[in-house]
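Undergrad: Got a structure for you, target-v3.cif, holding mmCIF, C-alpha atoms.
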```
data_start
#
loop_
_atom_site.group_PDB
_atom_site.id
_atom_site.type_symbol
_atom_site.label_atom_id
_atom_site.label_comp_id
_atom_site.auth_asym_id
_atom_site.auth_seq_id
_atom_site.Cartn_x
_atom_site.Cartn_y
_atom_site.Cartn_z
ATOM 1 C CA MET A 125 69.723 66.418 92.847
ATOM 2 C CA ASN A 126 71.836 65.557 89.807
ATOM 3 C CA ARG A 127 73.416 68.609 88.186
ATOM 4 C CA PHE A 128 74.624 68.496 84.614
ATOM 5 C CA ILE A 129 75.720 72.154 84.460
ATOM 6 C CA PRO A 130 78.392 73.233 86.930
ATOM 7 C CA GLU A 131 77.296 76.076 89.193
ATOM 8 C CA GLU A 132 79.896 78.455 87.732
ATOM 9 C CA LYS A 133 78.244 78.051 84.298
ATOM 10 C CA GLU A 134 74.907 79.115 85.730
ATOM 11 C CA ASN A 135 75.898 82.086 87.837
ATOM 12 C CA PRO A 136 78.142 84.840 86.454
ATOM 13 C CA ILE A 137 79.150 85.963 89.966
ATOM 14 C CA VAL A 138 80.384 82.473 90.814
ATOM 15 C CA THR A 139 82.225 82.341 87.478
ATOM 16 C CA LEU A 140 83.926 85.692 88.069
ATOM 17 C CA ARG A 141 84.872 84.726 91.633
ATOM 18 C CA ALA A 142 86.362 81.429 90.405
ATOM 19 C CA GLN A 143 88.320 83.239 87.693
ATOM 20 C CA ALA A 144 89.614 85.787 90.227
ATOM 21 C CA GLU A 145 90.888 82.991 92.464
ATOM 22 C CA LYS A 146 92.810 81.503 89.521
ATOM 23 C CA PHE A 147 94.096 84.872 88.267
ATOM 24 C CA ASP A 148 97.783 84.979 87.404
ATOM 25 C CA PHE A 149 98.932 88.317 88.797
ATOM 26 C CA SER A 150 101.983 88.298 86.523
ATOM 27 C CA LYS A 151 99.485 89.316 83.823
ATOM 28 C CA LEU A 152 99.391 92.738 85.472
ATOM 29 C CA ARG A 153 102.905 93.355 84.222
ATOM 30 C CA ALA A 154 103.932 93.957 80.652
ATOM 31 C CA GLY A 155 105.774 90.972 79.224
ATOM 32 C CA LYS A 156 109.458 91.156 78.320
ATOM 33 C CA GLY A 157 108.474 90.907 74.659
ATOM 34 C CA ASN A 158 106.145 93.904 74.856
ATOM 35 C CA ALA A 159 108.403 96.407 73.101
ATOM 36 C CA GLU A 160 105.890 99.265 73.303
ATOM 37 C CA ALA A 161 105.512 99.001 77.083
ATOM 38 C CA ASN A 162 109.206 98.407 77.698
ATOM 39 C CA SER A 163 110.286 101.376 75.567
ATOM 40 C CA GLY A 164 107.819 103.663 77.370
ATOM 41 C CA TYR A 165 105.874 104.186 74.140
ATOM 42 C CA GLN A 166 102.703 102.649 75.593
ATOM 43 C CA ALA A 167 102.799 105.131 78.486
ATOM 44 C CA TYR A 168 103.457 107.942 75.986
ATOM 45 C CA LYS A 169 100.372 106.914 73.976
ATOM 46 C CA ASP A 170 98.162 106.361 77.031
ATOM 47 C CA PHE A 171 98.819 109.524 79.051
ATOM 48 C CA PRO A 172 96.295 111.501 76.977
ATOM 49 C CA ARG A 173 93.881 108.525 76.674
ATOM 50 C CA MET A 174 93.575 107.861 80.391
ATOM 51 C CA ASP A 175 92.612 109.935 83.376
ATOM 52 C CA PHE A 176 94.973 109.870 86.340
ATOM 53 C CA VAL A 177 94.221 110.477 90.007
ATOM 54 C CA ILE A 178 97.166 110.685 92.381
ATOM 55 C CA ASN A 179 96.455 110.769 96.111
ATOM 56 C CA LYS A 180 92.819 111.589 95.270
ATOM 57 C CA LYS A 181 93.750 114.606 93.109
ATOM 58 C CA ASP A 182 92.677 114.589 89.462
ATOM 59 C CA ILE A 183 95.502 115.276 87.042
ATOM 60 C CA ASP A 184 94.196 117.742 84.480
ATOM 61 C CA GLN A 185 94.587 116.652 80.839
ATOM 62 C CA ASN A 186 95.617 120.209 79.916
ATOM 63 C CA PHE A 187 98.494 119.851 82.367
ATOM 64 C CA ILE A 188 99.518 116.551 80.749
ATOM 65 C CA ASN A 189 99.397 118.215 77.325
ATOM 66 C CA GLN A 190 101.724 120.935 78.623
ATOM 67 C CA LEU A 191 104.106 118.236 79.859
ATOM 68 C CA TYR A 192 104.201 116.741 76.355
ATOM 69 C CA ALA A 193 105.430 120.048 74.954
ATOM 70 C CA LYS A 194 107.810 120.667 77.856
ATOM 71 C CA HIS A 195 109.515 117.251 77.775
ATOM 72 C CA ALA A 196 109.369 116.253 74.078
ATOM 73 C CA SER A 197 113.148 116.677 73.882
ATOM 74 C CA LEU A 198 113.562 113.709 76.263
ATOM 75 C CA ILE A 199 112.422 111.297 73.548
ATOM 76 C CA GLU A 200 115.644 110.117 71.972
ATOM 77 C CA ASN A 201 116.832 107.232 69.859
ATOM 78 C CA ASN A 202 118.510 104.336 71.632
ATOM 79 C CA LYS A 203 121.666 102.568 70.401
ATOM 80 C CA ASN A 204 119.560 100.551 67.905
ATOM 81 C CA GLY A 205 118.045 103.702 66.426
ATOM 82 C CA GLU A 206 114.651 103.045 68.062
ATOM 83 C CA LYS A 207 112.885 105.773 70.013
ATOM 84 C CA ASN A 208 113.216 105.551 73.792
ATOM 85 C CA TYR A 209 110.210 107.123 75.528
ATOM 86 C CA ARG A 210 111.177 106.036 79.054
ATOM 87 C CA PRO A 211 112.918 109.293 80.127
ATOM 88 C CA PHE A 212 109.932 111.275 78.825
ATOM 89 C CA ALA A 213 107.340 109.078 80.574
ATOM 90 C CA LYS A 214 109.346 109.032 83.799
ATOM 91 C CA GLU A 215 109.514 112.832 83.853
ATOM 92 C CA VAL A 216 105.762 113.098 83.156
ATOM 93 C CA PHE A 217 105.049 110.796 86.115
ATOM 94 C CA LYS A 218 107.361 112.879 88.341
ATOM 95 C CA GLU A 219 105.553 116.071 87.381
ATOM 96 C CA MET A 220 102.147 114.468 87.894
ATOM 97 C CA PHE A 221 103.120 113.502 91.459
ATOM 98 C CA LYS A 222 104.315 117.068 92.109
ATOM 99 C CA TYR A 223 101.104 118.465 90.593
ATOM 100 C CA ALA A 224 99.146 116.287 93.018
ATOM 101 C CA GLU A 225 101.286 117.650 95.873
ATOM 102 C CA ALA A 226 102.513 114.121 96.560
ATOM 103 C CA LYS A 227 106.057 112.984 97.122
ATOM 104 C CA VAL A 228 107.770 111.544 94.056
ATOM 105 C CA PRO A 229 108.473 107.822 94.446
ATOM 106 C CA SER A 230 111.886 106.238 93.915
ATOM 107 C CA ASP A 231 113.346 105.719 90.455
ATOM 108 C CA SER A 232 112.590 101.991 90.578
ATOM 109 C CA ILE A 233 108.901 102.692 91.258
ATOM 110 C CA LEU A 234 108.827 105.293 88.474
ATOM 111 C CA GLU A 235 110.361 102.718 86.114
ATOM 112 C CA GLU A 236 107.612 100.235 87.036
ATOM 113 C CA LEU A 237 104.955 102.876 86.416
ATOM 114 C CA VAL A 238 106.422 103.682 82.993
ATOM 115 C CA THR A 239 106.339 100.011 81.988
ATOM 116 C CA ASN A 240 103.102 98.849 83.582
ATOM 117 C CA CYS A 241 100.842 101.796 84.402
ATOM 118 C CA ASN A 242 99.077 101.899 81.046
ATOM 119 C CA GLN A 243 96.332 100.187 79.089
ATOM 120 C CA ALA A 244 98.601 97.258 78.211
ATOM 121 C CA GLY A 245 99.739 96.700 81.799
ATOM 122 C CA HIS A 246 97.682 96.836 84.973
ATOM 123 C CA GLU A 247 94.414 97.472 83.254
ATOM 124 C CA ALA A 248 94.642 94.934 80.449
ATOM 125 C CA GLY A 249 95.184 91.863 82.613
ATOM 126 C CA VAL A 250 92.147 92.451 84.777
ATOM 127 C CA LEU A 251 89.949 93.540 81.865
ATOM 128 C CA ILE A 252 90.809 90.524 79.718
ATOM 129 C CA GLU A 253 90.234 88.032 82.528
ATOM 130 C CA SER A 254 86.935 89.608 83.616
ATOM 131 C CA GLN A 255 85.720 89.816 80.004
ATOM 132 C CA LEU A 256 86.504 86.124 79.484
ATOM 133 C CA ALA A 257 84.629 85.138 82.642
ATOM 134 C CA LEU A 258 81.613 87.349 81.989
ATOM 135 C CA GLY A 259 81.578 86.547 78.264
ATOM 136 C CA GLN A 260 80.583 82.984 79.115
ATOM 137 C CA HIS A 261 77.264 84.481 80.228
ATOM 138 C CA SER A 262 76.927 86.943 77.328
ATOM 139 C CA PHE A 263 77.876 89.897 79.528
ATOM 140 C CA LEU A 264 80.192 92.506 78.061
ATOM 141 C CA VAL A 265 81.695 95.485 79.847
ATOM 142 C CA PHE A 266 82.055 98.614 77.743
ATOM 143 C CA SER A 267 83.538 101.763 79.155
ATOM 144 C CA PRO A 268 85.745 104.168 77.257
ATOM 145 C CA LYS A 269 86.639 106.044 80.453
ATOM 146 C CA ARG A 270 89.827 104.819 82.063
ATOM 147 C CA VAL A 271 90.991 106.224 85.372
ATOM 148 C CA MET A 272 94.287 105.143 86.897
ATOM 149 C CA ASN A 273 94.362 105.828 90.623
ATOM 150 C CA ILE A 274 97.814 105.981 92.186
ATOM 151 C CA ASP A 275 98.364 106.460 95.907
ATOM 152 C CA TYR A 276 101.818 107.261 97.269
ATOM 153 C CA ILE A 277 102.475 104.999 100.263
ATOM 154 C CA ASP A 278 106.192 105.674 100.661
ATOM 155 C CA GLN A 279 109.227 106.192 98.430
ATOM 156 C CA ASN A 280 109.342 102.507 97.472
ATOM 157 C CA ASN A 281 105.631 101.742 97.449
ATOM 158 C CA VAL A 282 102.639 103.039 95.517
ATOM 159 C CA LYS A 283 99.203 101.514 95.220
ATOM 160 C CA THR A 284 97.627 101.491 91.769
ATOM 161 C CA CYS A 285 94.055 100.778 90.863
ATOM 162 C CA CYS A 286 92.401 101.137 87.495
ATOM 163 C CA LYS A 287 88.768 102.179 87.650
ATOM 164 C CA ARG A 288 86.319 102.590 84.864
#
```
Taking this structure as input, can you express it in the form of structure tokens?

TA:
Amino acid sequence: MNRFIPEEKENPIVTLRAQAEKFDFSKLRAGKGNAEANSGYQAYKDFPRMDFVINKKDIDQNFINQLYAKHASLIENNKNGEKNYRPFAKEVFKEMFKYAEAKVPSDSILEELVTNCNQAGHEAGVLIESQLALGQHSFLVFSPKRVMNIDYIDQNNVKTCCKR
């Protein structure tokens, strides 16, 4: 039978699977030009907008709010006079791991979390690609609830997964 429409144009599941196979996983990281993510500001903005689960324990938003008050003094200006939120965000992540009764990962892992564990990092890449694939079939995914699941594997390894 002669087909004029490729199968991936007919079936959204096939389209999504094809897009997943082509996915550029570097999109899960904030780009070097993303000043908000690299300064820690994106993490600062997203802590109260996202729900976090560490080692299957929900991190209470009231607890996160308390951390904002406790560690506000860590937000300082850098040598260019711009605010540096990284020390603040790093300390919030440390306290969230402790709250979840999990070991705190290494500094290099915490630095990665500060830069990429936010709505512009891990979550954005997958959401944008899936929206593009499903949009071809007039499907849209709407969900204001964002849950970042983080599992401590060892000091130099955590597993992150963003669920909606």

Undergrad: Kindly give the distance, in Å, that separates CA of Gln185 in chain A and CA of Glu206 in chain A, rounded to a single decimal.

TA: 27.4 Å

Undergrad: Please provide as number ranges by chain all residues within 8 Å of Ser230 in chain A, with the sequence filter that same-chain residues fewer than 3 positions apart are discarded (counting all atoms listed in the file).

TA: A: 233-234, 279-280

Undergrad: Can those selected residues be exported to a file as a CSV table (one decimal), in the coordinates of the input so that it contains C-alpha atoms?

TA:
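Contents of selection_31.csv, as written:
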```csv
chain,number,residue,atom,x,y,z
A,233,ILE,CA,108.9,102.7,91.3
A,234,LEU,CA,108.8,105.3,88.5
A,279,GLN,CA,109.2,106.2,98.4
A,280,ASN,CA,109.3,102.5,97.5
```

Undergrad: On this structure, the PyMOL selection byres ((chain A and resi 175) around 8) would catch which residues? List them as a ChimeraX atom specification, sorted by chain and number.

TA: /A:171-174,176-177,182-183,185,269-272

Undergrad: Name the residues within 12 Å of (105.9, 97.3, 96.3), counting all atoms listed in the file in the file's coordinates, and put them as a list in words.

TA: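 Returned residue set, sorted by chain then number, is Pro229, Ser230, Ser232, Ile233, Leu234, Glu236, Leu237, Asp275, Tyr276, Ile277, Asp278, Gln279, Asn280, Asn281, Val282, Lys283 and Thr284 of chain A.
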
Undergrad: Using all atoms listed in the file, which residues sit within 9 Å of Ile199 in chain A once same-chain residues fewer than 5 positions away are excluded, as a PyMOL selection string?

TA: chain A and resi 207-213

Undergrad: Between CA of Thr239 in chain A and CA of Gly164 in chain A, what is the distance, to one decimal in Å?

TA: 6.1 Å

Undergrad: So how far away is CA of Asn162 in chain A from CA of Ala226 in chain A, in Å?

TA: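 Atom-to-atom, CA of Ala226 in chain A to CA of Asn162 in chain A, that is 25.4 Å.
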